[in-house]
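*Asks:* One structure coming up, written as structure tokens, with questions to follow.
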Amino acid sequence: MIRCILFDRDGTLGALGDKRFPETFSPFCDIQKIFKKLQNNGYRVGIITNQSSIARGTAVGYDFEKEFLSYGVNVWKICPHDTPDQCDCRKPKSGLLIAAAKELNIPLSECLVVGDRLSDVQCAKNVGAQAALVLTGYGEKEKIEVLQRYPDLLILRRFDEIVNVL
């Protein structure tokens, strides 16, 4: 049973014009409306996202909290590190997912991670959570590799399709 859906941001919920700058994010559709539908159906909704722009200094002054709260999320977690930092929160490691599930008091097995990268899928699979790949962002490019590793994985054209699948 799925009780919590955690979405990646960039490439999943919208496009990023320049990955160095979070303010270039452009949503694919009305995120707040989709999240509200999911919540009205009893799901907790959140965002887990790697944001190396923070570590690189190109996100100075950007208010992720304001953005995420405007969508009506129940929880959000950001990895502010870059790959060389070797932290426990940067996907494909599962620190963000574990922290979000703990905050919501929901078992990892009842969480679904929706993302556009193999790293999003691995983040979920590492700890027994469920995963779905969207074909936006890097999803189409990574689809073959992801399906070779996880042939039964749920594939969505866009994140908002999850409303019809659950």
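Identifiers in this document derive from the order of the structure tokens: chains are assigned A, B, ..., residues are numbered from 1 separately in each chain, and ligands are numbered from 1 in order of occurrence.
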Report the residues of stretch 83-125 of chain A whose backbone DSSP state falls under strand (DSSP E or B), written as a PyMOL selection string.
*Replies:* chain A and resi 111-115
*Asks:* Please, which residues of chain A, numbered as in this document, come out alpha helix (DSSP H) from DSSP, as number ranges by chain?
*Replies:* A: 31-40, 52-56, 64-70, 95-104, 118-125, 139-149, 162-165
*Asks:* Counting only C-alpha atoms, what is within 6 Å of A:Asp116, bar same-chain residues fewer than 3 positions away, as a list in words?
*Replies:*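 With the cut-off at 6 Å, the set is Thr12, Leu133, Val134, Gly137, Tyr138 and Gly139 of chain A.
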*Asks:* At most 12 Å is the cut-off: for each residue in stretch 109-152 of chain A with any atom that close to an atom of stretch 49-63 of chain A, write down the nearest atom pair and the distance in Å rounded to one decimal, counting only C-alpha atoms, chain first then increasing number, as a tab-separated table.
*Replies:*
residue	atom	partner	partner_atom	distance
A:Val113	CA	A:Thr49	CA	10.9
A:Val114	CA	A:Thr49	CA	10.9
A:Gly115	CA	A:Thr49	CA	9.5
A:Asp116	CA	A:Thr49	CA	11.3
A:Arg117	CA	A:Thr49	CA	11.4
A:Ser119	CA	A:Asn50	CA	10.2
A:Asp120	CA	A:Thr49	CA	9.1
A:Cys123	CA	A:Thr49	CA	11.0
*Asks:* Pick out the closest residue to A:Ile155 from this set: A:Lys77, A:Asn126, A:Val121, A:Lys66. Count only C-alpha atoms.
*Replies:*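 So, comparing all the options, the nearest one is A:Val121.
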*Asks:* Using only C-alpha atoms, which of A:Asp160, A:Leu38, A:Ala100, A:Leu118 sits nearest A:Lys143?
*Replies:*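 Smallest distance to A:Lys143 is found for A:Leu118.
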*Asks:* Which residues of stretch 45-91 of chain A come within 12 Å of stretch 102-109 of chain A, and for each one, what is the closest pair of atoms and their distance in Å to one decimal, counting only C-alpha atoms, sorted by chain and residue number, as a Markdown table?
*Replies:*
| residue | atom | partner | partner_atom | distance |
| --- | --- | --- | --- | --- |
| A:Val45 | CA | A:Leu104 | CA | 9.8 |
| A:Gly46 | CA | A:Leu104 | CA | 9.8 |
| A:Val73 | CA | A:Leu104 | CA | 11.5 |
| A:Asn74 | CA | A:Leu104 | CA | 8.0 |
| A:Val75 | CA | A:Leu104 | CA | 7.5 |
| A:Trp76 | CA | A:Glu103 | CA | 9.8 |
| A:Lys77 | CA | A:Glu103 | CA | 10.2 |
*Asks:* Generate a file of the selected residues that holds all heavy atoms, formatted as a CSV table (one decimal), in the first residue's frame.
*Replies:*
chain,number,residue,atom,x,y,z
A,45,VAL,N,2.3,14.0,0.4
A,45,VAL,CA,3.0,14.4,-0.8
A,45,VAL,C,4.2,15.2,-0.4
A,45,VAL,O,4.1,16.1,0.5
A,45,VAL,CB,2.1,15.2,-1.8
A,45,VAL,CG1,2.9,15.6,-3.0
A,45,VAL,CG2,0.9,14.4,-2.2
A,46,GLY,N,5.4,14.9,-1.1
A,46,GLY,CA,6.5,15.7,-0.8
A,46,GLY,C,7.5,15.7,-2.0
A,46,GLY,O,7.3,15.2,-3.0
A,73,VAL,N,3.0,21.0,-0.2
A,73,VAL,CA,3.7,19.7,0.2
A,73,VAL,C,3.5,19.4,1.7
A,73,VAL,O,3.4,20.4,2.5
A,73,VAL,CB,5.2,19.7,-0.2
A,73,VAL,CG1,5.4,19.7,-1.6
A,73,VAL,CG2,5.9,20.7,0.6
A,74,ASN,N,3.5,18.2,2.0
A,74,ASN,CA,3.5,17.8,3.4
A,74,ASN,C,4.9,17.7,4.0
A,74,ASN,O,5.2,17.9,5.2
A,74,ASN,CB,2.9,16.4,3.6
A,74,ASN,CG,1.5,16.3,3.1
A,74,ASN,OD1,1.2,15.8,2.1
A,74,ASN,ND2,0.6,16.9,3.9
A,75,VAL,N,5.9,17.5,3.1
A,75,VAL,CA,7.3,17.4,3.5
A,75,VAL,C,8.2,17.7,2.3
A,75,VAL,O,7.8,17.5,1.2
A,75,VAL,CB,7.6,16.0,4.1
A,75,VAL,CG1,7.5,14.9,3.0
A,75,VAL,CG2,9.0,15.9,4.7
A,76,TRP,N,9.4,18.3,2.6
A,76,TRP,CA,10.4,18.5,1.5
A,76,TRP,C,11.7,18.4,2.1
A,76,TRP,O,12.0,18.7,3.3
A,76,TRP,CB,10.2,19.8,0.8
A,76,TRP,CG,10.3,21.0,1.7
A,76,TRP,CD1,9.3,21.6,2.4
A,76,TRP,CD2,11.4,21.8,1.9
A,76,TRP,NE1,9.7,22.7,3.1
A,76,TRP,CE2,11.1,22.8,2.8
A,76,TRP,CE3,12.8,21.7,1.5
A,76,TRP,CZ2,12.0,23.8,3.3
A,76,TRP,CZ3,13.7,22.7,2.0
A,76,TRP,CH2,13.3,23.7,2.8
A,77,LYS,N,12.6,17.8,1.3
A,77,LYS,CA,14.0,17.6,1.8
A,77,LYS,C,14.9,17.9,0.6
A,77,LYS,O,14.7,17.5,-0.5
A,77,LYS,CB,14.3,16.1,2.2
A,77,LYS,CG,13.4,15.7,3.4
A,77,LYS,CD,13.7,16.5,4.6
A,77,LYS,CE,12.8,16.1,5.8
A,77,LYS,NZ,12.9,16.9,6.9
*Asks:* Can you work out the spacing between atom CA of A:Thr136 and atom CA of A:Ile31 in Å, to one decimal?
*Replies:*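 Result for atom CA of A:Thr136 versus atom CA of A:Ile31: 14.8 Å, one decimal.
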*Asks:* Of the candidates A:Cys111, A:Ser70, A:Leu154, A:Leu97, which shows the shortest atom-to-atom distance to A:Lys36, using only C-alpha atoms?
*Replies:*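 Residue with the minimum atom-to-atom distance to A:Lys36: A:Ser70.
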*Asks:* Between A:Ile47, A:Leu96, A:Ala124, A:Leu69, which one has atoms that come closest to A:Tyr150, using only C-alpha atoms?
*Replies:*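 The closest residue to A:Tyr150 is A:Ala124.
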*Asks:* Hey, which of A:Phe64, A:Tyr71, A:Tyr43, A:Phe21 ends up closest to A:Leu112? Count only C-alpha atoms.
*Replies:*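 Of the candidates, the smallest distance to A:Leu112 is held by A:Tyr43.
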*Asks:* Go through A:Thr83, A:Asp10, A:Ala131, A:Asp152 one by one, measure the shortest atom-to-atom distance of each to A:Glu23 using only C-alpha atoms, and give the residue with the smallest value.
*Replies:*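 The shortest atom-to-atom distance to A:Glu23 comes from A:Asp10.
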*Asks:* Between atom CA of A:Ala15 and atom CA of A:Cys29, what is the distance in Å, rounded to a tenth?
*Replies:* 10.7 Å
*Asks:* What does the distance from atom CA of A:Gln32 to atom CA of A:Gly72 come to in Å, to one decimal?
*Replies:*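 If I compute the distance from atom CA of A:Gln32 to atom CA of A:Gly72, I get 6.1 Å.
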